[in-house]
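Chemist: Below is one structure. I have some questions about it.
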Amino acid sequence: MIRRRVRASDYLVVAQLFLQDNYLLSHKLTSEDIKPRLLGHWGTCHGIDVAYANLKYYFSKSVNTDHAADSSTQQNLENFDPFAVKQKSRSNTDDYLPEKLLPYPNFHFILGPGHGFPALQANLFLDGELAKVDDKATLDEKGIAYICRNFSWPSGFPSHASPFTPEVICEGGELGYCLGAAYGYVLGHPERTVAVMLGDGELETASALASLNLIKTSGNHIYHGRVLPILHLNGYKISGPTLYGRKSERELNEMIRGFGYTPVEINGDHPETFQSALTRAEKYEHPFFILRTEKGATGPTEVHGKKVAGNYLAHQIPLPDAKEDPEELQILEDWLKSYHFDELFDTKKGFRL
């Protein structure tokens, strides 16, 4: 289930970045299918999709649709602290398909790197949140075409997260405010749990680094809620390596411990690894997750003899000449096909996640 969700959102990210037509690859990709101006950021998106899918799965409750939640169940959920209770063990998180996922209303997700907006928008689209404010963002072929065609497009969606997006309060090009917003949100609300995803380049900003001191405001969670920082450590920013990507594991962990957190490693994008880390972290008062994924993972590994995935060249558009260059166009088509989107979406039945 988690892997299917990540594949779907990854595909929608790439389609938003590149395509102005042929969104389901119903025929061979051509130059006419590619937008004339390619603007956006790919490198961080897979990691965002991985975190979003895993957090959504973990902080959701399996409910049998034959027994709808009554008012008392809903009331219990309103007062429920999801991180204080162990989730039942699931040996295969990919094959486990609950009949219904009922999200806990007191869990929230804050995304720091707003330049990863195509990933955020893909997930808001899949959750039906965009459709609540835009009736054109329907979960069908027309809706897919709508969000892809209008991404980073005049009078359409911006390339960065912005207040046009549901629940977004800051322009996505401004980095470093997410931890401060999270700690402010949980003050005086012990029932709230907020996961905050930070880019490793973002943590180099003074505002993000200083916000780590706000751990002292949340105490022991009797009076205040929980903040769960997730450092997305992919090693590169727009033009080179990140400082934290070049720290040794020991040096980074000791820095995190110095602020009062307990480091919890998540190495790779496997659902079992992520779910296990969330379970392990339940015993810590202030866990700090370190998600290590390759920059631009699942994207092109090499273009014109240059390393892309696992390098800063994956940060923005890894195939900038896809419209004019036949080689880049073919790489793009192979990239899109690698997600097997036809297994995840049916034009008649919709998404099958």
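Chains: A, B, ... in order of the structure tokens. Residues: from 1 per chain. Ligands: from 1, in order shown.
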Need the shell around A:Val308: protein/DNA/RNA residues with any atom at most 12 Å away, counting only C-alpha atoms. Skip same-chain ones fewer than 6 positions apart. Format as number ranges by chain?
Modeler: A: 42-43, 236, 294-302, 314-319
Chemist: Could the residues in this selection be written to a file with N, CA and C atoms, as a PDB file, in the first residue's frame?
Modeler:
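Result file selection.pdb:
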ATOM      1  N   TRP A  42      12.853  18.683  -8.551  1.00  0.00           N
ATOM      2  CA  TRP A  42      12.616  17.251  -8.462  1.00  0.00           C
ATOM      3  C   TRP A  42      13.352  16.605  -7.284  1.00  0.00           C
ATOM      4  N   GLY A  43      14.576  17.019  -6.989  1.00  0.00           N
ATOM      5  CA  GLY A  43      15.483  16.266  -6.140  1.00  0.00           C
ATOM      6  C   GLY A  43      14.964  15.854  -4.782  1.00  0.00           C
ATOM      7  N   TYR A 236      22.587  16.905  -0.815  1.00  0.00           N
ATOM      8  CA  TYR A 236      22.884  17.960  -1.789  1.00  0.00           C
ATOM      9  C   TYR A 236      21.815  19.037  -1.774  1.00  0.00           C
ATOM     10  N   GLU A 294      18.569   8.933  -1.391  1.00  0.00           N
ATOM     11  CA  GLU A 294      19.393   9.484  -2.453  1.00  0.00           C
ATOM     12  C   GLU A 294      18.716  10.712  -3.059  1.00  0.00           C
ATOM     13  N   LYS A 295      19.476  11.742  -3.299  1.00  0.00           N
ATOM     14  CA  LYS A 295      18.940  12.926  -3.975  1.00  0.00           C
ATOM     15  C   LYS A 295      18.409  12.503  -5.358  1.00  0.00           C
ATOM     16  N   GLY A 296      17.146  12.847  -5.627  1.00  0.00           N
ATOM     17  CA  GLY A 296      16.567  12.503  -6.926  1.00  0.00           C
ATOM     18  C   GLY A 296      16.330  11.024  -7.119  1.00  0.00           C
ATOM     19  N   ALA A 297      16.159  10.282  -6.021  1.00  0.00           N
ATOM     20  CA  ALA A 297      15.941   8.836  -6.118  1.00  0.00           C
ATOM     21  C   ALA A 297      14.739   8.527  -6.994  1.00  0.00           C
ATOM     22  N   THR A 298      14.841   7.457  -7.750  1.00  0.00           N
ATOM     23  CA  THR A 298      13.895   6.924  -8.746  1.00  0.00           C
ATOM     24  C   THR A 298      13.944   7.695 -10.059  1.00  0.00           C
ATOM     25  N   GLY A 299      14.725   8.768 -10.110  1.00  0.00           N
ATOM     26  CA  GLY A 299      14.864   9.542 -11.343  1.00  0.00           C
ATOM     27  C   GLY A 299      16.055   9.084 -12.162  1.00  0.00           C
ATOM     28  N   PRO A 300      16.415   9.837 -13.213  1.00  0.00           N
ATOM     29  CA  PRO A 300      17.553   9.474 -14.071  1.00  0.00           C
ATOM     30  C   PRO A 300      18.847   9.386 -13.267  1.00  0.00           C
ATOM     31  N   THR A 301      19.618   8.351 -13.507  1.00  0.00           N
ATOM     32  CA  THR A 301      20.890   8.186 -12.803  1.00  0.00           C
ATOM     33  C   THR A 301      22.028   8.926 -13.502  1.00  0.00           C
ATOM     34  N   GLU A 302      21.938   9.031 -14.825  1.00  0.00           N
ATOM     35  CA  GLU A 302      22.992   9.686 -15.603  1.00  0.00           C
ATOM     36  C   GLU A 302      22.391  10.317 -16.846  1.00  0.00           C
ATOM     37  N   ALA A 314      20.316  16.735  -9.655  1.00  0.00           N
ATOM     38  CA  ALA A 314      18.922  16.275  -9.540  1.00  0.00           C
ATOM     39  C   ALA A 314      18.043  17.304  -8.847  1.00  0.00           C
ATOM     40  N   HIS A 315      18.623  18.379  -8.335  1.00  0.00           N
ATOM     41  CA  HIS A 315      17.869  19.310  -7.485  1.00  0.00           C
ATOM     42  C   HIS A 315      16.666  19.918  -8.200  1.00  0.00           C
ATOM     43  N   GLN A 316      16.864  20.431  -9.401  1.00  0.00           N
ATOM     44  CA  GLN A 316      15.773  21.078 -10.126  1.00  0.00           C
ATOM     45  C   GLN A 316      15.257  20.168 -11.238  1.00  0.00           C
ATOM     46  N   ILE A 317      15.372  20.581 -12.478  1.00  0.00           N
ATOM     47  CA  ILE A 317      14.901  19.776 -13.614  1.00  0.00           C
ATOM     48  C   ILE A 317      16.062  18.942 -14.143  1.00  0.00           C
ATOM     49  N   PRO A 318      16.045  17.634 -13.960  1.00  0.00           N
ATOM     50  CA  PRO A 318      17.193  16.819 -14.376  1.00  0.00           C
ATOM     51  C   PRO A 318      17.286  16.614 -15.885  1.00  0.00           C
ATOM     52  N   LEU A 319      16.207  16.913 -16.606  1.00  0.00           N
ATOM     53  CA  LEU A 319      16.199  16.788 -18.075  1.00  0.00           C
ATOM     54  C   LEU A 319      15.736  18.121 -18.669  1.00  0.00           C
TER      55      LEU A 319
END
Chemist: Using DSSP assignments from the backbone, pull out every residue in stretch 36-270 of chain A that falls under strand (DSSP E) and give it to me as a PyMOL selection string.
Modeler: chain A and resi 60-62+101-103+107-111+193-199+226-233+262-267
Chemist: Give the helix (DSSP H, G or I) residues of stretch 90-237 of chain A, as DSSP finds them on the backbone, and put them as a PyMOL selection string.
Modeler: chain A and resi 114-126+129-133+141-149+178-186+202-204+206-218
Chemist: What does the structure give for the distance between atom CA of A:Ser155 and atom CA of A:Ala131, in Å to one decimal?
Modeler: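 Straight-line distance from atom CA of A:Ser155 to atom CA of A:Ala131 works out to 17.7 Å.
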Chemist: Can you pull out every residue within 7 Å of A:Ile290, counting only C-alpha atoms, but drop anything in the same chain fewer than 4 positions away, and send it as a PyMOL selection string?
Modeler: chain A and resi 230-233+263-266
Chemist: Could you save the residues just selected, with C-alpha atoms, as a tab-separated table (two decimals), in the first residue's frame?
Modeler:
chain	number	residue	atom	x	y	z
A	230	ILE	CA	12.38	14.64	10.27
A	231	LEU	CA	15.67	15.70	8.68
A	232	HIS	CA	15.67	14.68	5.02
A	233	LEU	CA	19.36	13.97	4.52
A	263	PRO	CA	18.37	10.56	16.90
A	264	VAL	CA	16.37	7.87	15.10
A	265	GLU	CA	17.86	6.71	11.81
A	266	ILE	CA	15.74	5.84	8.75
Chemist: What does the structure give for the distance between atom CA of A:Val14 and atom CA of A:Leu336, in Å to one decimal?
Modeler: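 Straight-line distance from atom CA of A:Val14 to atom CA of A:Leu336 works out to 7.2 Å.
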